[in-house]
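J.: Structure file target_3.tsv (TSV, C-alpha atoms) right here:
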```tsv
chain	number	residue	atom	x	y	z
A	795	MET	CA	0.00	0.00	0.00
A	796	LEU	CA	1.15	3.50	-0.78
A	797	ASN	CA	1.70	5.81	2.18
A	798	VAL	CA	-0.15	9.08	1.69
A	799	TYR	CA	0.84	11.85	4.10
A	800	CYS	CA	-1.72	14.59	4.69
A	801	ILE	CA	-1.01	18.14	5.89
A	802	SER	CA	-4.10	20.08	6.88
A	803	GLY	CA	-4.94	23.77	6.66
A	804	MET	CA	-3.40	26.29	9.03
A	805	GLY	CA	-3.80	25.18	12.62
A	806	VAL	CA	-6.45	22.53	11.99
A	807	ASP	CA	-5.92	18.82	12.46
A	808	ALA	CA	-6.43	15.44	10.82
A	809	ARG	CA	-10.22	15.72	11.04
A	810	MET	CA	-10.05	17.85	7.89
A	811	PHE	CA	-9.37	14.63	5.95
A	812	LYS	CA	-12.13	12.55	7.53
A	813	ASN	CA	-13.94	12.11	4.18
A	814	ILE	CA	-10.86	11.26	2.10
A	815	LYS	CA	-11.07	7.63	0.95
A	816	LEU	CA	-8.30	6.32	-1.30
A	817	HIS	CA	-7.79	2.93	-2.94
A	818	ASP	CA	-4.91	0.77	-1.67
A	819	CYS	CA	-3.43	3.64	0.35
A	820	ASN	CA	-2.37	4.05	3.94
A	821	ILE	CA	-3.43	7.56	4.97
A	822	LEU	CA	-1.14	9.17	7.54
A	823	HIS	CA	-1.31	12.63	9.09
A	824	ILE	CA	1.54	15.05	9.68
A	825	LYS	CA	1.21	16.94	12.95
A	826	TRP	CA	1.87	20.66	13.23
A	827	ASN	CA	4.86	22.03	15.12
A	828	THR	CA	5.13	25.60	16.38
A	829	PRO	CA	7.21	27.56	13.84
A	830	LEU	CA	10.50	28.94	15.11
A	831	LYS	CA	11.04	32.69	15.31
A	832	ASP	CA	11.39	34.16	11.79
A	833	GLU	CA	11.42	30.66	10.28
A	834	SER	CA	10.94	30.47	6.51
A	835	LEU	CA	8.26	28.33	4.95
A	836	PRO	CA	10.79	25.98	3.25
A	837	ASP	CA	12.64	25.44	6.53
A	838	TYR	CA	9.43	24.90	8.45
A	839	ALA	CA	8.13	22.45	5.84
A	840	MET	CA	11.30	20.38	6.07
A	841	ARG	CA	10.98	20.21	9.86
A	842	LEU	CA	7.51	18.77	9.32
A	843	ALA	CA	8.93	16.35	6.75
A	844	VAL	CA	10.89	14.41	9.38
A	845	GLN	CA	7.56	12.66	10.05
A	846	ILE	CA	7.71	11.08	6.57
A	847	ASP	CA	9.21	7.64	6.00
A	848	THR	CA	11.19	8.25	2.82
A	849	SER	CA	12.50	4.66	2.65
A	850	LYS	CA	9.38	3.65	0.69
A	851	PRO	CA	7.26	5.38	-1.98
A	852	PHE	CA	4.84	7.99	-0.70
A	853	ALA	CA	2.43	10.69	-1.84
A	854	LEU	CA	1.39	13.99	-0.26
A	855	ILE	CA	-1.93	15.80	0.13
A	856	GLY	CA	-1.87	19.36	1.45
A	857	VAL	CA	-4.70	21.80	2.06
A	858	SER	CA	-4.23	25.60	2.14
A	859	PHE	CA	-1.07	26.32	4.19
A	860	GLY	CA	-0.46	22.58	4.21
A	861	GLY	CA	-0.43	22.60	0.41
A	862	MET	CA	2.30	25.24	0.36
A	863	CYS	CA	4.31	23.11	2.78
A	864	CYS	CA	3.80	20.11	0.48
A	865	VAL	CA	5.22	22.02	-2.50
A	866	GLU	CA	8.37	22.84	-0.54
A	867	ILE	CA	8.71	19.25	0.68
A	868	THR	CA	8.28	17.98	-2.88
A	869	LYS	CA	11.17	20.18	-4.04
A	870	LYS	CA	13.51	18.38	-1.62
A	871	LEU	CA	12.09	14.86	-1.36
A	872	ASN	CA	10.61	12.67	-4.08
A	873	PRO	CA	6.92	11.81	-3.61
A	874	VAL	CA	5.25	9.93	-6.44
A	875	LYS	CA	2.49	12.57	-6.46
A	876	THR	CA	1.66	15.71	-4.52
A	877	PHE	CA	-1.92	16.98	-4.36
A	878	VAL	CA	-2.32	20.66	-3.48
A	879	VAL	CA	-5.93	21.40	-2.54
A	880	SER	CA	-7.41	24.88	-1.95
A	881	SER	CA	-3.90	26.26	-1.89
A	882	CYS	CA	-1.10	27.87	-3.91
A	883	THR	CA	1.81	26.22	-5.68
A	884	VAL	CA	3.71	29.47	-6.26
A	885	SER	CA	3.73	32.64	-4.18
A	886	SER	CA	2.38	34.75	-7.07
A	887	GLN	CA	-0.96	32.94	-6.64
A	888	LEU	CA	-1.46	34.55	-3.22
A	889	PRO	CA	-4.14	37.26	-3.38
A	890	LEU	CA	-3.36	40.93	-2.82
A	891	LYS	CA	-5.28	41.01	0.48
A	892	ILE	CA	-2.79	38.49	1.89
A	893	THR	CA	0.37	39.91	0.37
A	894	LEU	CA	-0.45	43.34	1.80
A	895	TRP	CA	0.06	41.82	5.25
A	896	ARG	CA	3.75	41.57	4.38
A	897	TYR	CA	3.98	45.31	4.98
A	898	LEU	CA	2.12	45.25	8.29
A	899	SER	CA	4.15	43.84	11.16
A	900	VAL	CA	1.12	43.66	13.46
A	901	TYR	CA	0.56	39.97	12.62
A	902	ARG	CA	3.74	39.12	14.53
A	903	TYR	CA	2.25	40.32	17.81
A	904	LEU	CA	-1.21	38.80	17.71
A	905	LYS	CA	-1.84	35.90	20.07
A	906	ASP	CA	-3.42	32.60	19.09
A	907	LYS	CA	-6.74	33.65	20.60
A	908	ARG	CA	-6.96	36.64	18.24
A	909	TYR	CA	-6.25	34.49	15.18
A	910	ILE	CA	-8.87	31.95	16.20
A	911	MET	CA	-11.45	34.70	16.82
A	912	GLY	CA	-10.64	36.25	13.44
A	913	ALA	CA	-10.98	32.92	11.63
A	914	MET	CA	-14.36	32.31	13.24
A	915	LEU	CA	-15.59	35.79	12.29
A	916	VAL	CA	-14.93	35.05	8.61
A	917	SER	CA	-15.75	31.33	8.80
A	918	LYS	CA	-18.28	31.66	5.94
A	919	GLN	CA	-15.45	32.74	3.64
A	920	PHE	CA	-13.76	29.43	4.42
A	921	GLY	CA	-16.92	27.61	3.36
A	922	VAL	CA	-17.88	26.76	6.94
A	923	THR	CA	-21.61	27.39	7.09
A	924	THR	CA	-23.53	25.05	9.40
A	925	LYS	CA	-23.47	25.11	13.20
A	926	GLU	CA	-21.90	21.66	13.25
A	927	GLN	CA	-19.17	22.72	10.82
A	928	LYS	CA	-18.45	25.86	12.87
A	929	LYS	CA	-18.12	23.84	16.06
A	930	LYS	CA	-15.73	21.38	14.44
A	931	PHE	CA	-13.77	24.22	12.83
A	932	LEU	CA	-13.34	25.92	16.21
A	933	ASP	CA	-12.34	22.64	17.86
A	934	MET	CA	-9.72	22.05	15.18
A	935	LEU	CA	-8.29	25.57	15.45
A	936	ARG	CA	-7.98	25.11	19.21
A	937	SER	CA	-6.00	21.92	18.61
A	938	ALA	CA	-3.03	23.86	17.18
A	939	PRO	CA	0.19	23.85	19.23
A	940	PRO	CA	0.84	26.90	21.46
A	941	ASN	CA	2.03	30.10	19.76
A	942	TYR	CA	1.49	28.54	16.35
A	943	PHE	CA	-0.47	31.08	14.33
A	944	SER	CA	1.80	34.14	14.18
A	945	GLY	CA	4.73	31.97	13.06
A	946	ALA	CA	2.62	30.21	10.42
A	947	VAL	CA	1.39	33.56	9.08
A	948	HIS	CA	5.00	34.78	8.95
A	949	CYS	CA	5.90	31.73	6.84
A	950	ILE	CA	3.23	32.67	4.29
A	951	MET	CA	4.02	36.40	4.32
A	952	THR	CA	7.69	35.78	3.52
A	953	TRP	CA	7.19	32.87	1.10
A	954	ARG	CA	8.80	33.27	-2.31
A	955	ASN	CA	8.48	30.39	-4.73
A	956	ASP	CA	8.19	30.06	-8.50
A	957	ILE	CA	9.07	26.37	-8.88
A	958	VAL	CA	6.38	23.73	-9.30
A	959	PRO	CA	7.76	20.17	-9.34
A	960	PRO	CA	6.28	18.00	-12.13
A	961	GLN	CA	4.51	15.60	-9.78
A	962	VAL	CA	2.38	18.37	-8.24
A	963	VAL	CA	-1.36	18.24	-9.03
A	964	GLN	CA	-3.36	21.32	-8.04
A	965	ILE	CA	-7.09	21.12	-7.21
A	966	HIS	CA	-9.04	24.30	-6.56
A	967	GLY	CA	-12.63	25.40	-6.05
A	968	THR	CA	-14.28	28.13	-8.10
A	969	LYS	CA	-15.98	29.57	-5.00
A	970	ASP	CA	-12.86	29.76	-2.85
A	971	GLN	CA	-13.05	33.16	-1.12
A	972	ILE	CA	-9.74	32.86	0.74
A	973	LEU	CA	-7.62	32.08	-2.32
A	974	PRO	CA	-9.74	33.16	-5.32
A	975	HIS	CA	-9.46	30.83	-8.29
A	976	LYS	CA	-8.97	33.64	-10.83
A	977	LYS	CA	-5.26	33.83	-9.98
A	978	ILE	CA	-4.83	30.07	-10.05
A	979	ASP	CA	-4.16	28.06	-13.20
A	980	CYS	CA	-4.53	24.46	-12.06
A	981	GLU	CA	-5.14	20.94	-13.35
A	982	TYR	CA	-8.55	20.54	-11.73
A	983	LYS	CA	-11.20	23.11	-10.81
A	984	ILE	CA	-14.22	22.02	-8.80
A	985	LYS	CA	-17.24	24.13	-9.70
A	986	GLY	CA	-18.71	25.70	-6.58
A	987	GLY	CA	-15.96	24.33	-4.36
A	988	SER	CA	-15.06	26.47	-1.32
A	989	HIS	CA	-11.87	26.70	0.72
A	990	PHE	CA	-13.36	23.96	2.92
A	991	MET	CA	-14.10	21.61	0.01
A	992	ILE	CA	-11.75	18.90	1.27
A	993	VAL	CA	-14.63	18.23	3.69
A	994	THR	CA	-17.70	19.31	1.73
A	995	ARG	CA	-16.72	18.07	-1.77
A	996	ALA	CA	-14.60	15.08	-0.79
A	997	LYS	CA	-16.29	12.70	-3.24
A	998	GLU	CA	-15.01	14.65	-6.24
A	999	ILE	CA	-11.58	15.11	-4.70
A	1000	ASN	CA	-11.37	11.37	-3.97
A	1001	GLU	CA	-12.17	10.61	-7.61
A	1002	ILE	CA	-9.41	12.94	-8.85
A	1003	ILE	CA	-6.77	11.62	-6.47
A	1004	ASN	CA	-7.66	7.95	-7.06
A	1005	LYS	CA	-7.46	8.52	-10.82
A	1006	GLU	CA	-4.07	10.24	-10.54
A	1007	LEU	CA	-2.72	7.48	-8.28
A	1008	GLU	CA	-3.98	4.66	-10.50
A	1009	GLY	CA	-1.09	2.39	-11.39
A	1010	LEU	CA	1.12	3.89	-8.66
A	1011	THR	CA	-0.42	2.03	-5.71
```
Could you render the structure from this file as structure tokens?
T.:
Amino acid sequence: MLNVYCISGMGVDARMFKNIKLHDCNILHIKWNTPLKDESLPDYAMRLAVQIDTSKPFALIGVSFGGMCCVEITKKLNPVKTFVVSSCTVSSQLPLKITLWRYLSVYRYLKDKRYIMGAMLVSKQFGVTTKEQKKKFLDMLRSAPPNYFSGAVHCIMTWRNDIVPPQVVQIHGTKDQILPHKKIDCEYKIKGGSHFMIVTRAKEINEIINKELEGLT
């Protein structure tokens, strides 16, 4: 069976992948660490990568911030496939509203509680709409390691990448309000898919990933 390592969106945990069902694959989950002070995204991603058994073939699935980490890991290691979902493969795909934060140092001083409150205030933009989804989203955000969010945001703000390894497959939703699809030229677009589509549109994502992995497992 092929090992498939999953990296979730910023601060959330393995529950994000609860609906992912793959043929002949062993699904494993990479746990977040607290970023070091002023750590770059490539360096942070490679610290996460120590959780990967590279002695046997493996694939990666990353969502949002996790997808960016997967791109950087793919540049150094050699997965058979890397699936980047609701994310960016190059830094030029980041929207202006995010890149503007590069010039505001305030994000460095916000505590985890502020980031969690902010995420919940705009939860609809993530595609989190029902009461049950909001509760699970909050629970997942609270599962992040201490002092995680400001360091993770710093990784994104300072990320510079224009290299997309050939085994990367990008999947994006046309209703993603966090990372609008207009800036993203990808292999697969899911009509009506939100930033949270790894949960809400998992059937279609499963079909894409299983098709891409066919013959590799």
J.: Between A:Gln919, A:Ser937, A:Thr848, A:Ser886, which residue has the minimum interatomic distance to Thr952 of chain A, considering only C-alpha atoms?
T.: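 Ranking A:Gln919, A:Ser937, A:Thr848, A:Ser886 by distance to Thr952 of chain A, first place goes to A:Ser886.
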J.: Can I get the residues of segment 896-972 of chain A within 10 Å of segment 801-818 of chain A, each with the closest pair of atoms and their distance in Å to one decimal, using only C-alpha atoms, sorted chain first then ascending number, as a Markdown table?
T.:
```
| residue | atom | partner | partner_atom | distance |
| --- | --- | --- | --- | --- |
| A:Asp906 | CA | A:Gly805 | CA | 9.9 |
| A:Tyr909 | CA | A:Gly805 | CA | 10.0 |
| A:Ile910 | CA | A:Gly805 | CA | 9.2 |
| A:Lys930 | CA | A:Arg809 | CA | 8.6 |
| A:Phe931 | CA | A:Val806 | CA | 7.6 |
| A:Leu932 | CA | A:Val806 | CA | 8.8 |
| A:Asp933 | CA | A:Val806 | CA | 8.3 |
| A:Met934 | CA | A:Val806 | CA | 4.6 |
| A:Leu935 | CA | A:Val806 | CA | 5.0 |
| A:Arg936 | CA | A:Gly805 | CA | 7.8 |
| A:Ser937 | CA | A:Val806 | CA | 6.7 |
| A:Ala938 | CA | A:Gly805 | CA | 4.8 |
| A:Pro939 | CA | A:Gly805 | CA | 7.8 |
| A:Tyr942 | CA | A:Gly805 | CA | 7.3 |
| A:Phe943 | CA | A:Gly805 | CA | 7.0 |
| A:Ala946 | CA | A:Met804 | CA | 7.3 |
| A:Val947 | CA | A:Met804 | CA | 8.7 |
```
J.: Go ahead and compute the interatomic distance for atom CA of Leu854 of chain A and atom CA of Phe990 of chain A, in Å to one decimal.
T.: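 Computing the Euclidean distance for atom CA of Leu854 of chain A and atom CA of Phe990 of chain A yields 18.1 Å.
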J.: Report as lines of an AutoDock Vina configuration file the centre and the edge lengths, in Å to one decimal, of the axis-aligned box holding every listed atom of segment 943-949 of chain A, padded by 3 Å on each side.
T.:
```
center_x = 2.7
center_y = 32.5
center_z = 10.6
size_x = 12.4
size_y = 10.6
size_z = 13.5
```
J.: Just how far from atom CA of Ile992 of chain A is atom CA of Phe920 of chain A, in Å to one decimal?
T.: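 Atom CA of Ile992 of chain A lies 11.2 Å from atom CA of Phe920 of chain A.
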J.: What are the closest atom pairs, with distances in Å to one decimal, for each residue of segment 840-887 of chain A lying within 9 Å of segment 821-833 of chain A, using only C-alpha atoms, rows by chain and rising residue number, as JSON lines?
T.:
```
{"residue": "A:Arg841", "atom": "CA", "partner": "A:Asn827", "partner_atom": "CA", "distance": 8.3}
{"residue": "A:Leu842", "atom": "CA", "partner": "A:Ile824", "partner_atom": "CA", "distance": 7.0}
{"residue": "A:Ala843", "atom": "CA", "partner": "A:Ile824", "partner_atom": "CA", "distance": 8.1}
{"residue": "A:Gln845", "atom": "CA", "partner": "A:Ile824", "partner_atom": "CA", "distance": 6.5}
{"residue": "A:Ile846", "atom": "CA", "partner": "A:Ile824", "partner_atom": "CA", "distance": 8.0}
```
J.: Return as JSON lines the residues of segment 909-935 of chain A lying at most 12 Å from segment 969-972 of chain A, together with the closest atom-to-atom pair for each and the distance in Å to one decimal, counting only C-alpha atoms, with rows in chain order and ascending residue number.
T.:
```
{"residue": "A:Ala913", "atom": "CA", "partner": "A:Ile972", "partner_atom": "CA", "distance": 11.0}
{"residue": "A:Val916", "atom": "CA", "partner": "A:Ile972", "partner_atom": "CA", "distance": 9.7}
{"residue": "A:Ser917", "atom": "CA", "partner": "A:Ile972", "partner_atom": "CA", "distance": 10.2}
{"residue": "A:Lys918", "atom": "CA", "partner": "A:Gln971", "partner_atom": "CA", "distance": 8.9}
{"residue": "A:Gln919", "atom": "CA", "partner": "A:Gln971", "partner_atom": "CA", "distance": 5.3}
{"residue": "A:Phe920", "atom": "CA", "partner": "A:Ile972", "partner_atom": "CA", "distance": 6.4}
{"residue": "A:Gly921", "atom": "CA", "partner": "A:Asp970", "partner_atom": "CA", "distance": 7.7}
{"residue": "A:Val922", "atom": "CA", "partner": "A:Gln971", "partner_atom": "CA", "distance": 11.4}
```
J.: Could you check the closest approach to Ser881 of chain A for each of A:Ala996, A:Val900, A:Ile978, A:Val844 and tell me which residue wins, using all atoms listed in the file?
T.: A:Ile978
